[in-house]
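The data block below is final_0.cif; it holds mmCIF, C-alpha atoms.
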data_my_file
#
loop_
_atom_site.label_atom_id
_atom_site.label_comp_id
_atom_site.auth_asym_id
_atom_site.auth_seq_id
_atom_site.Cartn_x
_atom_site.Cartn_y
_atom_site.Cartn_z
CA MET T 9 -117.85 55.54 52.62
CA ALA T 10 -119.84 52.76 51.02
CA ARG T 11 -120.60 51.38 47.62
CA LEU T 12 -123.93 52.55 46.22
CA GLU T 13 -126.11 49.44 45.83
CA ALA T 14 -128.57 49.17 42.95
CA ARG T 15 -131.55 48.74 45.26
CA ARG T 16 -130.71 52.01 47.04
CA VAL T 17 -130.33 54.18 43.92
CA GLU T 18 -133.93 55.33 43.69
CA ALA T 19 -134.06 56.36 47.35
CA VAL T 20 -130.70 58.11 47.15
CA LEU T 21 -131.76 60.13 44.10
CA ARG T 22 -135.12 60.95 45.69
CA LYS T 23 -133.47 62.16 48.89
CA GLY T 24 -130.93 64.25 47.02
CA SER T 25 -128.21 66.08 48.86
CA SER T 26 -129.32 69.36 50.33
CA ALA T 27 -126.70 72.05 50.69
CA ARG T 28 -128.83 73.95 53.20
CA VAL T 29 -127.37 74.13 56.72
CA ASP T 30 -129.54 74.36 59.80
CA ALA T 31 -127.41 76.90 61.64
CA ALA T 32 -128.28 80.27 63.12
CA VAL T 33 -125.72 82.24 61.15
CA PRO T 34 -126.53 85.95 61.00
CA ALA T 35 -127.09 87.48 57.59
CA ARG T 36 -124.88 90.40 56.62
CA PHE T 37 -127.40 91.68 54.07
CA ARG T 38 -131.07 91.77 53.37
CA ALA T 39 -133.35 92.33 50.38
CA GLY T 40 -132.95 95.83 49.01
CA ASP T 41 -129.33 96.30 50.08
CA ARG T 42 -126.86 97.57 47.49
CA VAL T 43 -123.77 95.38 47.43
CA CYS T 44 -120.54 95.04 45.53
CA ALA T 45 -119.17 91.66 44.47
CA ARG T 46 -115.62 91.38 45.77
CA ASN T 47 -112.73 91.55 43.36
CA ILE T 48 -111.25 88.24 44.44
CA HIS T 49 -109.41 85.76 42.26
CA PRO T 50 -109.00 82.59 44.27
CA ALA T 51 -106.84 79.90 42.70
CA GLY T 52 -109.25 77.31 44.06
CA HIS T 53 -112.93 76.76 43.55
CA THR T 54 -115.29 79.72 43.57
CA ARG T 55 -118.86 80.27 42.45
CA LEU T 56 -118.30 84.00 41.95
CA PRO T 57 -118.00 84.41 38.18
CA ARG T 58 -115.35 86.80 36.83
CA TYR T 59 -117.94 88.88 34.97
CA ALA T 60 -119.50 89.98 38.29
CA ARG T 61 -116.39 90.76 40.31
CA GLY T 62 -116.16 94.37 41.44
CA ARG T 63 -119.65 95.05 40.08
CA GLN T 64 -122.53 96.55 42.04
CA GLY T 65 -125.85 94.88 42.49
CA THR T 66 -128.92 94.70 44.68
CA ILE T 67 -129.90 91.89 47.03
CA THR T 68 -133.32 90.69 45.90
CA GLN T 69 -133.69 87.65 48.16
CA ASP T 70 -132.00 85.93 51.08
CA HIS T 71 -132.09 82.19 50.34
CA GLY T 72 -130.96 81.27 53.83
CA VAL T 73 -127.88 79.48 55.13
CA PHE T 74 -126.03 77.13 52.82
CA ILE T 75 -122.71 75.30 52.52
CA PHE T 76 -120.12 77.68 51.05
CA PRO T 77 -118.66 75.86 48.01
CA ASP T 78 -115.47 77.90 47.83
CA ALA T 79 -114.41 76.40 51.17
CA HIS T 80 -116.20 73.07 51.00
CA ALA T 81 -114.46 72.04 47.78
CA HIS T 82 -111.09 72.08 49.51
CA GLY T 83 -111.84 70.23 52.71
CA ALA T 84 -112.15 73.45 54.69
CA GLY T 85 -115.56 72.51 56.03
CA ALA T 86 -118.96 73.90 55.09
CA ARG T 87 -118.35 77.44 56.38
CA PRO T 88 -122.14 77.92 56.32
CA GLN T 89 -123.38 81.40 55.48
CA HIS T 90 -126.23 83.21 53.82
CA CYS T 91 -126.69 82.86 50.09
CA TYR T 92 -128.50 85.65 48.24
CA SER T 93 -130.00 86.35 44.89
CA VAL T 94 -128.18 89.45 43.64
CA ARG T 95 -129.48 91.44 40.70
CA PHE T 96 -126.93 93.12 38.41
CA SER T 97 -128.15 95.40 35.64
CA ALA T 98 -126.79 94.67 32.16
CA ARG T 99 -125.35 98.20 32.05
CA GLU T 100 -123.45 97.59 35.27
CA LEU T 101 -121.99 94.33 34.00
CA TRP T 102 -121.32 95.12 30.36
CA GLY T 103 -120.91 98.89 30.20
CA PRO T 104 -122.71 101.47 28.09
CA GLN T 105 -123.56 98.96 25.37
CA GLY T 106 -125.44 96.86 27.90
CA ASP T 107 -129.16 96.50 27.34
CA THR T 108 -131.08 98.93 29.54
CA ARG T 109 -133.89 96.45 30.01
CA SER T 110 -132.04 93.38 31.10
CA ALA T 111 -130.42 92.10 34.25
CA VAL T 112 -128.51 89.07 35.44
CA TYR T 113 -129.39 87.45 38.76
CA ILE T 114 -126.52 85.60 40.41
CA ASP T 115 -126.66 83.56 43.62
CA LEU T 116 -123.77 84.71 45.81
CA TRP T 117 -122.71 84.19 49.39
CA ASP T 118 -121.80 86.61 52.20
CA ASP T 119 -118.07 86.01 51.64
CA HIS T 120 -118.45 87.16 48.02
CA LEU T 121 -120.03 90.49 48.90
CA GLU T 122 -119.33 93.79 50.57
CA PRO T 123 -121.63 96.77 51.08
CA ALA T 124 -121.68 99.09 48.07
CA MET Y 46 -110.04 79.59 39.81
CA ASN Y 47 -109.93 81.83 36.74
CA GLY Y 48 -110.36 78.82 34.49
CA ALA Y 49 -111.79 78.33 31.03
CA HIS Y 50 -115.02 77.09 32.61
CA ASP Y 51 -115.82 80.66 33.76
CA LEU Y 52 -117.38 81.49 30.44
CA GLY Y 53 -119.89 84.26 31.17
CA GLY Y 54 -119.37 87.18 28.82
CA MET Y 55 -116.70 85.63 26.62
CA HIS Y 56 -116.88 86.30 22.90
CA GLY Y 57 -116.02 84.19 19.91
CA PHE Y 58 -117.83 80.91 20.40
CA GLY Y 59 -120.31 81.42 17.60
CA PRO Y 60 -123.99 80.48 17.46
CA VAL Y 61 -125.70 78.10 19.84
CA GLU Y 62 -125.79 74.82 17.92
CA ARG Y 63 -128.75 72.62 18.53
CA GLU Y 64 -129.31 69.02 17.53
CA ARG Y 65 -132.77 67.91 16.49
CA ASP Y 66 -134.16 65.02 18.58
CA GLU Y 67 -130.99 65.01 20.60
CA PRO Y 68 -130.47 61.80 22.59
CA VAL Y 69 -129.73 62.04 26.29
CA PHE Y 70 -126.35 60.36 25.68
CA HIS Y 71 -124.43 60.49 22.40
CA ALA Y 72 -122.27 57.43 23.00
CA ASP Y 73 -122.09 54.51 25.36
CA TRP Y 74 -119.00 55.89 27.08
CA GLU Y 75 -120.98 59.03 27.98
CA ARG Y 76 -123.62 56.89 29.60
CA ARG Y 77 -121.04 54.94 31.60
CA CYS Y 78 -119.07 58.07 32.53
CA PHE Y 79 -122.25 59.71 33.83
CA ALA Y 80 -123.23 56.71 35.91
CA LEU Y 81 -119.71 56.12 37.29
CA THR Y 82 -119.52 59.76 38.35
CA LEU Y 83 -122.80 59.60 40.23
CA ALA Y 84 -121.98 56.22 41.78
CA MET Y 85 -118.59 57.46 42.99
CA GLY Y 86 -120.20 60.66 44.21
CA ALA Y 87 -122.49 58.54 46.36
CA TYR Y 88 -119.55 56.44 47.60
CA GLY Y 89 -118.66 59.36 49.86
CA ALA Y 90 -114.96 60.00 49.32
CA TRP Y 91 -115.61 63.55 48.13
CA ASN Y 92 -118.30 66.21 47.88
CA LEU Y 93 -119.97 67.85 44.88
CA ASP Y 94 -118.05 71.10 45.25
CA ALA Y 95 -114.74 69.22 45.08
CA THR Y 96 -116.07 67.41 42.02
CA ARG Y 97 -116.85 70.66 40.24
CA TYR Y 98 -113.37 71.95 41.08
CA ALA Y 99 -111.74 68.78 39.75
CA ARG Y 100 -113.42 69.43 36.38
CA GLU Y 101 -112.29 73.05 36.43
CA THR Y 102 -108.66 71.96 36.62
CA MET Y 103 -108.72 70.72 33.04
CA PRO Y 104 -106.14 72.79 31.10
CA ALA Y 105 -107.96 75.68 29.39
CA GLY Y 106 -107.17 74.63 25.83
CA GLU Y 107 -108.44 71.12 26.48
CA TYR Y 108 -111.56 72.32 28.30
CA LEU Y 109 -112.59 74.46 25.36
CA THR Y 110 -111.97 71.81 22.72
CA THR Y 111 -113.46 68.73 24.35
CA GLY Y 112 -117.01 67.67 24.98
CA TYR Y 113 -118.94 67.95 28.20
CA TYR Y 114 -118.54 64.38 29.43
CA GLU Y 115 -114.82 64.52 28.75
CA HIS Y 116 -114.73 67.21 31.43
CA TRP Y 117 -116.51 64.80 33.74
CA LEU Y 118 -114.02 62.05 32.88
CA HIS Y 119 -111.07 64.33 33.61
CA GLY Y 120 -112.56 65.27 36.96
CA LEU Y 121 -113.45 61.72 37.94
CA GLN Y 122 -110.02 60.35 37.11
CA ARG Y 123 -108.33 63.20 38.97
CA GLN Y 124 -110.44 62.65 42.08
CA LEU Y 125 -109.91 58.89 42.05
CA ILE Y 126 -106.13 59.34 41.87
CA GLU Y 127 -106.01 62.21 44.38
CA GLN Y 128 -108.01 60.22 46.91
CA GLY Y 129 -105.78 57.21 46.41
CA LEU Y 130 -108.56 54.97 45.13
CA LEU Y 131 -106.80 54.24 41.85
CA THR Y 132 -103.33 54.94 40.51
CA ARG Y 133 -102.49 56.32 37.10
CA GLU Y 134 -100.41 53.21 36.44
CA GLU Y 135 -103.36 50.91 37.16
CA ILE Y 136 -105.56 52.89 34.82
CA GLU Y 137 -103.02 52.89 32.00
CA ALA Y 138 -102.38 49.18 32.50
CA ARG Y 139 -106.06 48.37 32.35
CA MET Y 140 -106.42 50.48 29.22
CA ALA Y 141 -103.52 48.61 27.62
CA ARG Y 142 -105.13 45.31 28.47
CA LEU Y 143 -108.51 46.36 27.08
CA ARG Y 144 -106.84 47.80 24.00
CA GLY Y 145 -105.05 44.52 23.44
CA GLU Y 146 -108.26 42.55 23.87
CA SER Y 147 -110.19 44.69 21.41
CA ASP Y 148 -107.29 44.60 18.93
CA HIS Y 149 -107.44 40.82 18.94
CA GLY Y 150 -111.20 40.75 18.78
CA ALA Y 151 -111.53 39.32 22.27
CA THR Y 152 -114.20 40.72 24.65
CA MET R 212 -104.67 68.57 8.32
CA THR R 213 -107.21 67.18 5.86
CA ALA R 214 -110.82 66.61 6.74
CA ARG R 215 -110.21 62.89 6.73
CA GLU R 216 -107.23 63.28 9.04
CA HIS R 217 -109.38 65.38 11.35
CA GLU R 218 -112.06 62.72 11.39
CA HIS R 219 -109.53 59.99 12.00
CA GLU R 220 -107.88 61.91 14.80
CA HIS R 221 -111.26 62.73 16.32
CA GLY R 222 -112.30 59.10 16.05
CA SER R 223 -109.05 57.90 17.60
CA HIS R 224 -109.40 60.44 20.39
CA LEU R 225 -112.89 59.28 21.28
CA ALA R 226 -111.78 55.66 21.04
CA GLU R 227 -109.19 56.46 23.71
CA VAL R 228 -111.85 58.22 25.81
CA ASP R 229 -114.10 55.18 25.53
CA LEU R 230 -111.20 52.95 26.54
CA ARG R 231 -110.43 55.09 29.59
CA VAL R 232 -114.04 55.02 30.75
CA ARG R 233 -114.15 51.25 30.34
CA ALA R 234 -110.89 50.92 32.22
CA LEU R 235 -112.20 53.00 35.13
CA GLU R 236 -115.43 51.05 35.28
CA SER R 237 -113.59 47.74 35.14
CA LEU R 238 -111.23 48.72 37.97
CA LEU R 239 -113.89 50.30 40.18
CA VAL R 240 -116.19 47.31 39.89
CA GLU R 241 -113.31 44.93 40.57
CA LYS R 242 -112.31 46.85 43.68
CA GLY R 243 -115.87 46.83 44.99
CA LEU R 244 -116.24 50.60 44.86
CA VAL R 245 -119.04 50.52 42.29
CA ASP R 246 -121.98 48.14 41.92
CA PRO R 247 -122.45 47.53 38.19
CA ALA R 248 -126.19 47.04 38.67
CA ALA R 249 -126.37 50.50 40.26
CA LEU R 250 -124.87 51.96 37.09
CA ASP R 251 -127.70 50.46 35.07
CA VAL R 252 -130.34 51.95 37.39
CA LEU R 253 -128.70 55.36 37.23
CA ILE R 254 -128.60 55.26 33.44
CA ASP R 255 -132.16 54.03 33.11
CA THR R 256 -133.43 56.71 35.47
CA TYR R 257 -132.04 59.62 33.53
CA GLU R 258 -132.26 58.18 30.05
CA HIS R 259 -135.84 56.99 30.33
CA LYS R 260 -137.63 57.95 33.49
CA VAL R 261 -136.92 61.57 34.37
CA GLY R 262 -137.55 64.28 31.83
CA PRO R 263 -139.29 67.54 30.92
CA ARG R 264 -142.75 65.98 30.93
CA ASN R 265 -142.44 66.34 34.72
CA GLY R 266 -141.96 70.09 34.52
CA ALA R 267 -144.71 70.38 31.92
CA ARG R 268 -147.18 68.94 34.45
CA VAL R 269 -146.04 71.50 37.03
CA VAL R 270 -146.53 74.37 34.60
CA ALA R 271 -149.88 73.06 33.37
CA ARG R 272 -151.12 72.85 36.93
CA ALA R 273 -149.92 76.37 37.66
CA TRP R 274 -151.77 77.62 34.58
CA SER R 275 -154.95 75.81 35.62
CA ASP R 276 -155.00 76.37 39.36
CA PRO R 277 -154.30 79.88 40.73
CA ALA R 278 -153.78 78.57 44.25
CA TYR R 279 -151.17 76.09 42.99
CA ARG R 280 -149.50 78.86 40.99
CA ALA R 281 -149.25 80.95 44.16
CA ARG R 282 -147.73 78.03 46.07
CA LEU R 283 -145.29 77.38 43.23
CA LEU R 284 -144.07 80.96 43.22
CA ASP R 285 -143.80 81.04 46.99
CA ASP R 286 -142.25 77.61 47.64
CA ALA R 287 -141.40 75.89 44.38
CA THR R 288 -139.72 72.91 46.08
CA GLY R 289 -142.87 72.15 48.05
CA ALA R 290 -145.25 72.72 45.16
CA ILE R 291 -143.20 70.54 42.82
CA ALA R 292 -143.07 67.84 45.51
CA GLU R 293 -146.89 67.85 45.58
CA LEU R 294 -146.69 66.32 42.09
CA GLY R 295 -144.16 63.76 43.28
CA TYR R 296 -141.00 65.30 41.86
CA GLY R 297 -137.89 66.18 43.77
CA GLY R 298 -134.49 65.05 44.91
CA ARG R 299 -131.09 65.29 43.35
CA GLN R 300 -130.30 68.62 41.67
CA GLY R 301 -133.76 69.91 42.57
CA GLU R 302 -133.48 70.13 46.37
CA HIS R 303 -133.96 73.91 46.32
CA MET R 304 -136.25 74.99 43.52
CA MET R 305 -137.23 78.48 42.42
CA ALA R 306 -139.99 79.12 39.90
CA VAL R 307 -139.70 82.33 37.88
CA GLU R 308 -142.78 83.38 36.01
CA ASN R 309 -142.84 84.98 32.57
CA THR R 310 -145.27 87.86 32.05
CA PRO R 311 -145.71 90.42 29.28
CA GLU R 312 -143.39 92.68 31.29
CA VAL R 313 -140.70 90.19 32.32
CA HIS R 314 -139.06 87.29 30.47
CA ASN R 315 -136.82 84.88 32.39
CA VAL R 316 -134.06 82.63 31.03
CA VAL R 317 -131.78 80.26 32.94
CA VAL R 318 -128.12 79.32 32.52
CA CYS R 319 -125.19 77.96 34.49
CA THR R 320 -122.21 79.88 33.12
CA LEU R 321 -119.74 77.99 35.33
CA CYS R 322 -120.78 74.43 34.54
CA SER R 323 -124.23 72.99 33.71
CA CYS R 324 -126.47 73.21 36.78
CA TYR R 325 -130.03 72.37 35.78
CA PRO R 326 -133.20 71.23 37.59
CA TRP R 327 -132.98 67.49 36.94
CA PRO R 328 -136.18 66.33 38.69
CA VAL R 329 -138.40 68.50 36.50
CA LEU R 330 -136.43 68.70 33.27
CA GLY R 331 -134.17 65.63 33.23
CA LEU R 332 -130.58 66.06 32.04
CA PRO R 333 -129.73 69.22 30.12
CA PRO R 334 -129.30 69.27 26.34
CA ALA R 335 -125.77 69.66 25.00
CA TRP R 336 -126.38 73.25 23.88
CA TYR R 337 -127.21 74.33 27.44
CA LYS R 338 -123.83 73.02 28.61
CA SER R 339 -121.94 74.47 25.64
CA ALA R 340 -119.56 77.42 25.52
CA PRO R 341 -121.70 79.43 23.05
CA TYR R 342 -124.77 79.39 25.33
CA ARG R 343 -122.97 79.79 28.64
CA SER R 344 -120.86 82.66 27.38
CA ARG R 345 -123.49 84.59 25.43
CA VAL R 346 -126.79 84.39 27.22
CA VAL R 347 -125.59 86.58 30.09
CA ILE R 348 -124.14 89.30 27.83
CA ASP R 349 -126.57 89.13 24.88
CA PRO R 350 -129.74 87.37 26.03
CA ARG R 351 -131.92 88.96 23.35
CA GLY R 352 -129.50 87.81 20.67
CA VAL R 353 -129.53 84.25 21.99
CA LEU R 354 -133.32 84.23 22.27
CA ALA R 355 -133.58 85.52 18.70
CA GLU R 356 -131.48 82.54 17.57
CA PHE R 357 -134.11 80.34 19.18
CA GLY R 358 -136.77 82.26 17.24
CA LEU R 359 -137.97 84.40 20.14
CA VAL R 360 -137.90 88.14 19.56
CA LEU R 361 -139.07 90.00 22.62
CA PRO R 362 -140.57 93.49 22.59
CA GLU R 363 -138.01 96.11 23.61
CA GLU R 364 -140.09 97.04 26.65
CA THR R 365 -139.97 93.50 28.05
CA GLU R 366 -137.35 93.14 30.74
CA VAL R 367 -135.08 90.12 30.34
CA ARG R 368 -133.83 88.43 33.51
CA VAL R 369 -131.03 85.92 33.16
CA TRP R 370 -130.64 83.59 36.16
CA ASP R 371 -127.08 82.25 36.53
CA SER R 372 -127.35 79.08 38.63
CA THR R 373 -124.23 79.61 40.71
CA ALA R 374 -125.56 78.06 43.94
CA GLU R 375 -127.75 75.01 44.67
CA LEU R 376 -130.95 76.86 43.78
CA ARG R 377 -132.38 75.41 40.57
CA TYR R 378 -134.57 77.52 38.38
CA LEU R 379 -137.74 76.58 36.51
CA VAL R 380 -139.22 79.13 34.13
CA VAL R 381 -143.01 79.23 34.05
CA PRO R 382 -143.79 80.32 30.48
CA GLN R 383 -146.83 82.43 29.71
CA ARG R 384 -150.02 80.52 29.03
CA PRO R 385 -150.82 80.73 25.31
CA PRO R 386 -154.06 82.47 24.36
CA GLY R 387 -156.97 80.37 23.16
CA THR R 388 -156.47 77.65 25.78
CA GLU R 389 -159.01 78.75 28.34
CA SER R 390 -161.04 75.55 28.24
CA TRP R 391 -158.10 73.17 28.03
CA SER R 392 -157.50 70.42 30.58
CA GLU R 393 -154.20 70.15 32.43
CA ALA R 394 -153.18 67.19 30.31
CA GLU R 395 -153.86 69.13 27.12
CA LEU R 396 -152.02 72.19 28.44
CA ALA R 397 -148.98 70.10 29.33
CA GLN R 398 -148.59 69.27 25.64
CA LEU R 399 -147.83 72.93 24.98
CA VAL R 400 -145.06 73.18 27.56
CA THR R 401 -141.71 72.47 25.93
CA ARG R 402 -138.42 71.89 27.70
CA ASP R 403 -137.00 74.96 25.99
CA SER R 404 -139.85 77.13 27.30
CA MET R 405 -139.03 76.00 30.86
CA ILE R 406 -135.40 77.03 30.35
CA GLY R 407 -136.72 80.28 28.93
CA VAL R 408 -135.23 80.27 25.43
CA THR R 409 -138.61 79.92 23.75
CA ARG R 410 -142.27 80.47 24.52
CA ALA R 411 -144.64 77.58 25.11
CA LEU R 412 -146.27 76.15 21.99
CA SER R 413 -149.48 77.72 20.78
CA PRO R 414 -152.52 75.59 19.88
CA ALA R 415 -151.66 76.33 16.22
CA ASP R 416 -148.07 75.07 16.73
CA LEU R 417 -149.43 71.86 18.20
CA HIS R 418 -151.82 71.28 15.30
CA ALA R 419 -149.01 71.99 12.86
CA GLY R 420 -147.16 69.04 14.34
CA SER R 421 -144.71 70.70 16.69
CA GLU R 422 -143.96 68.54 19.65
CA ALA R 423 -143.06 69.38 23.18
CA THR R 424 -139.74 67.64 23.81
#
How does the structure come out when it is put into structure tokens?
Amino acid sequence: MARLEARRVEAVLRKGSSARVDAAVPARFRAGDRVCARNIHPAGHTRLPRYARGRQGTITQDHGVFIFPDAHAHGAGARPQHCYSVRFSARELWGPQGDTRSAVYIDLWDDHLEPA
Amino acid sequence: MNGAHDLGGMHGFGPVERERDEPVFHADWERRCFALTLAMGAYGAWNLDATRYARETMPAGEYLTTGYYEHWLHGLQRQLIEQGLLTREEIEARMARLRGESDHGAT
Amino acid sequence: MTAREHEHEHGSHLAEVDLRVRALESLLVEKGLVDPAALDVLIDTYEHKVGPRNGARVVARAWSDPAYRARLLDDATGAIAELGYGGRQGEHMMAVENTPEVHNVVVCTLCSCYPWPVLGLPPAWYKSAPYRSRVVIDPRGVLAEFGLVLPEETEVRVWDSTAELRYLVVPQRPPGTESWSEAELAQLVTRDSMIGVTRALSPADLHAGSEAT
């Protein structure tokens, strides 16, 4: 832990802070798979929004292995795992009044998902 | 957590209000709060995910009725106290001192 | 409570907020945890140096150069870095392209995640409860509020930035700009069009005095 010095600010901002983890963690899903977002309600930090829980979607992209925020926020380590772009149709999320020509794409991790 | 921050799909907030020629910061305290948050983030006592969670812990009623950088301030103060870098008493004492100085016109 | 009492209470509340921020800064500097000069650099960077003109250059290049557009869609982080932009809150970029068939719009329902290196800091409306709550459930309604009415057949894709991927919308190139230089094209690319709540400006908009923010 160290104080951020003024002369280092530009370099620190330019470097950023990547959440990607270089670890050979197997993916549970791949593009095209139908998945269901878990109906979990952790009291701590989660990046799985309530509006998606229990809803079915399709994996559109595997972003690779990333830090898992739900664990990382609470000092439980990075628990690195695959993060995916998951497409949910508006009908699936919002019911029969949902627009038939719109969808929400949410980035979710392996621990958020189960096979549909 | 099932906090007020998890807003997707909620009803009742009305139209999206936009400000013409909106400045990046609306007040000097916002500017300072932003910079302090980033500087303390770089200090290394916590990570970004913990920072987001700290903001989420704001009581729901307060979260929904305060501005964005007030959420940041809540989170920053909480993390500083939790990590033992500052105490609530120190903060209140410093506020009292600054309040006294501004009341008497001193800087 | 009267309007004046509201204003007074609001003013007192923000005065307390200001006091608390000053107290924290004073203590943190005193304890050597924060370098006050670093605060000034951070503020200057995001208030004056980083902003949507960066993203406008990326989009203008993609419009002008098909090979660049292909690289942007395949590896946005790398393509954006070619123009010298990158770093904090833009480490993992995704470019999503608008077409007549598909319109993209970006949000962070859970907080305010936004691609800082190409767009700067987000506007207050992007971080607000009305936008965050509504754009996922009624995107066409929100877009209509911004003056954008999409044909029914156009698919709307809302990207909720829940991870560290940051999304940049590539708006459609306006017609009548075929001979325009990149610099001229960049003038048409507004911040709002790169979030996806509006289209890019048309040449007519520009001549009428609209400005890309």
**Request:** Compute the chain T side of the contact with chain R at 6 Å, counting all atoms listed in the file, and hand it back as a list in words.
**Result:**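 In the required form, that comes to Arg11, Glu13, Ala14, Leu21, Arg22, Lys23, Gly24, Ser26, Arg55, Arg109, Ser110, Ala111, Val112, Tyr113, Ile114 and Asp115 of chain T.
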**Request:** Find the residue from R:Gly331, R:Pro414, R:Pro362, R:Pro386 that sits nearest to Gln398 (chain R); use all atoms listed in the file when measuring.
**Result:**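 Closest residue, counting all atoms listed in the file: R:Pro414.
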**Item:** Nearest to Asn47 (chain Y) by atom-to-atom distance, counting only C-alpha atoms, from Y:Leu125, Y:Ala105, Y:Ala141, Y:Ala99
**Value:** Y:Ala105
Counting all atoms listed in the file, which residues in chain R sit no more than 7 Å from chain Y? For each one, give the nearest pair of atoms and the distance in Å, sorted by chain then residue number, as JSON lines.
{"residue": "R:Asp229", "atom": "CA", "partner": "Y:Trp74", "partner_atom": "CA", "distance": 5.2}
{"residue": "R:Leu230", "atom": "CA", "partner": "Y:Met140", "partner_atom": "CA", "distance": 6.0}
{"residue": "R:Arg231", "atom": "CA", "partner": "Y:Met140", "partner_atom": "CA", "distance": 6.1}
{"residue": "R:Val232", "atom": "CA", "partner": "Y:Cys78", "partner_atom": "CA", "distance": 6.1}
{"residue": "R:Ala234", "atom": "CA", "partner": "Y:Met140", "partner_atom": "CA", "distance": 5.4}
{"residue": "R:Leu235", "atom": "CA", "partner": "Y:Ile136", "partner_atom": "CA", "distance": 6.6}
{"residue": "R:Glu236", "atom": "CA", "partner": "Y:Leu81", "partner_atom": "CA", "distance": 6.9}
{"residue": "R:Val245", "atom": "CA", "partner": "Y:Ala84", "partner_atom": "CA", "distance": 6.4}
{"residue": "R:Leu250", "atom": "CA", "partner": "Y:Ala80", "partner_atom": "CA", "distance": 5.2}
{"residue": "R:Leu253", "atom": "CA", "partner": "Y:Ala80", "partner_atom": "CA", "distance": 5.8}
{"residue": "R:Ile254", "atom": "CA", "partner": "Y:Ala80", "partner_atom": "CA", "distance": 6.1}
{"residue": "R:Glu258", "atom": "CA", "partner": "Y:Val69", "partner_atom": "CA", "distance": 6.0}
{"residue": "R:Thr320", "atom": "CA", "partner": "Y:Gly53", "partner_atom": "CA", "distance": 5.3}
{"residue": "R:Leu321", "atom": "CA", "partner": "Y:Asp51", "partner_atom": "CA", "distance": 5.0}
{"residue": "R:Cys322", "atom": "CA", "partner": "Y:His50", "partner_atom": "CA", "distance": 6.6}
{"residue": "R:Trp336", "atom": "CA", "partner": "Y:Arg63", "partner_atom": "CA", "distance": 5.9}
{"residue": "R:Ala340", "atom": "CA", "partner": "Y:Phe58", "partner_atom": "CA", "distance": 6.4}
{"residue": "R:Pro341", "atom": "CA", "partner": "Y:Phe58", "partner_atom": "CA", "distance": 4.9}
{"residue": "R:Tyr342", "atom": "CA", "partner": "Y:Val61", "partner_atom": "CA", "distance": 5.7}
{"residue": "R:Arg343", "atom": "CA", "partner": "Y:Gly53", "partner_atom": "CA", "distance": 6.0}
{"residue": "R:Ser344", "atom": "CA", "partner": "Y:Gly53", "partner_atom": "CA", "distance": 4.2}
{"residue": "R:Arg345", "atom": "CA", "partner": "Y:Gly54", "partner_atom": "CA", "distance": 5.9}
{"residue": "R:Val347", "atom": "CA", "partner": "Y:Gly53", "partner_atom": "CA", "distance": 6.2}
{"residue": "R:Ile348", "atom": "CA", "partner": "Y:Gly54", "partner_atom": "CA", "distance": 5.3}
May I have the selected residues written with C-alpha atoms, as a PDB file, in the coordinates of the input?
ATOM      1  CA  ASP R 229    -114.100  55.180  25.530  1.00  0.00           C
ATOM      2  CA  LEU R 230    -111.200  52.950  26.540  1.00  0.00           C
ATOM      3  CA  ARG R 231    -110.430  55.090  29.590  1.00  0.00           C
ATOM      4  CA  VAL R 232    -114.040  55.020  30.750  1.00  0.00           C
ATOM      5  CA  ALA R 234    -110.890  50.920  32.220  1.00  0.00           C
ATOM      6  CA  LEU R 235    -112.200  53.000  35.130  1.00  0.00           C
ATOM      7  CA  GLU R 236    -115.430  51.050  35.280  1.00  0.00           C
ATOM      8  CA  VAL R 245    -119.040  50.520  42.290  1.00  0.00           C
ATOM      9  CA  LEU R 250    -124.870  51.960  37.090  1.00  0.00           C
ATOM     10  CA  LEU R 253    -128.700  55.360  37.230  1.00  0.00           C
ATOM     11  CA  ILE R 254    -128.600  55.260  33.440  1.00  0.00           C
ATOM     12  CA  GLU R 258    -132.260  58.180  30.050  1.00  0.00           C
ATOM     13  CA  THR R 320    -122.210  79.880  33.120  1.00  0.00           C
ATOM     14  CA  LEU R 321    -119.740  77.990  35.330  1.00  0.00           C
ATOM     15  CA  CYS R 322    -120.780  74.430  34.540  1.00  0.00           C
ATOM     16  CA  TRP R 336    -126.380  73.250  23.880  1.00  0.00           C
ATOM     17  CA  ALA R 340    -119.560  77.420  25.520  1.00  0.00           C
ATOM     18  CA  PRO R 341    -121.700  79.430  23.050  1.00  0.00           C
ATOM     19  CA  TYR R 342    -124.770  79.390  25.330  1.00  0.00           C
ATOM     20  CA  ARG R 343    -122.970  79.790  28.640  1.00  0.00           C
ATOM     21  CA  SER R 344    -120.860  82.660  27.380  1.00  0.00           C
ATOM     22  CA  ARG R 345    -123.490  84.590  25.430  1.00  0.00           C
ATOM     23  CA  VAL R 347    -125.590  86.580  30.090  1.00  0.00           C
ATOM     24  CA  ILE R 348    -124.140  89.300  27.830  1.00  0.00           C
TER      25      ILE R 348
END
**region 40-54 of chain T surroundings by all atoms listed in the file, 8 Å radius, close-in-sequence under 3 positions cut, as number ranges by chain** = T: 37, 57, 60-68, 77-79, 81-82, 120-124; Y: 46-47, 94-95, 97-98
**Request:** To one decimal in Å, tell me the separation between CA of Glu146 (chain Y) and CA of Gly120 (chain Y).
**Result:** 26.6 Å
**Request:** Could you give me, as a PyMOL selection string, the residues within 9 Å of region 84-91 of chain T, counting all atoms listed in the file and dropping anything in the same chain fewer than 3 positions from it?
**Result:** (chain T and resi 28-31+33-37+69-81+115-119) or (chain R and resi 374)
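Put simply, CA of Ala411 (chain R) is 26.1 Å away from CA of Ser93 (chain T).
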**Asked** What does the PyMOL selection byres ((chain R and resi 289) around 12) select in this file, as a list of chain:residue names?
**Response** R:Val269, R:Tyr279, R:Arg280, R:Ala281, R:Arg282, R:Leu283, R:Leu284, R:Asp285, R:Asp286, R:Ala287, R:Thr288, R:Ala290, R:Ile291, R:Ala292, R:Glu293, R:Leu294, R:Gly295, R:Tyr296, R:Gly297, R:Gly298, R:Gly301, R:Glu302, R:His303, R:Met304, R:Met305, R:Ala306
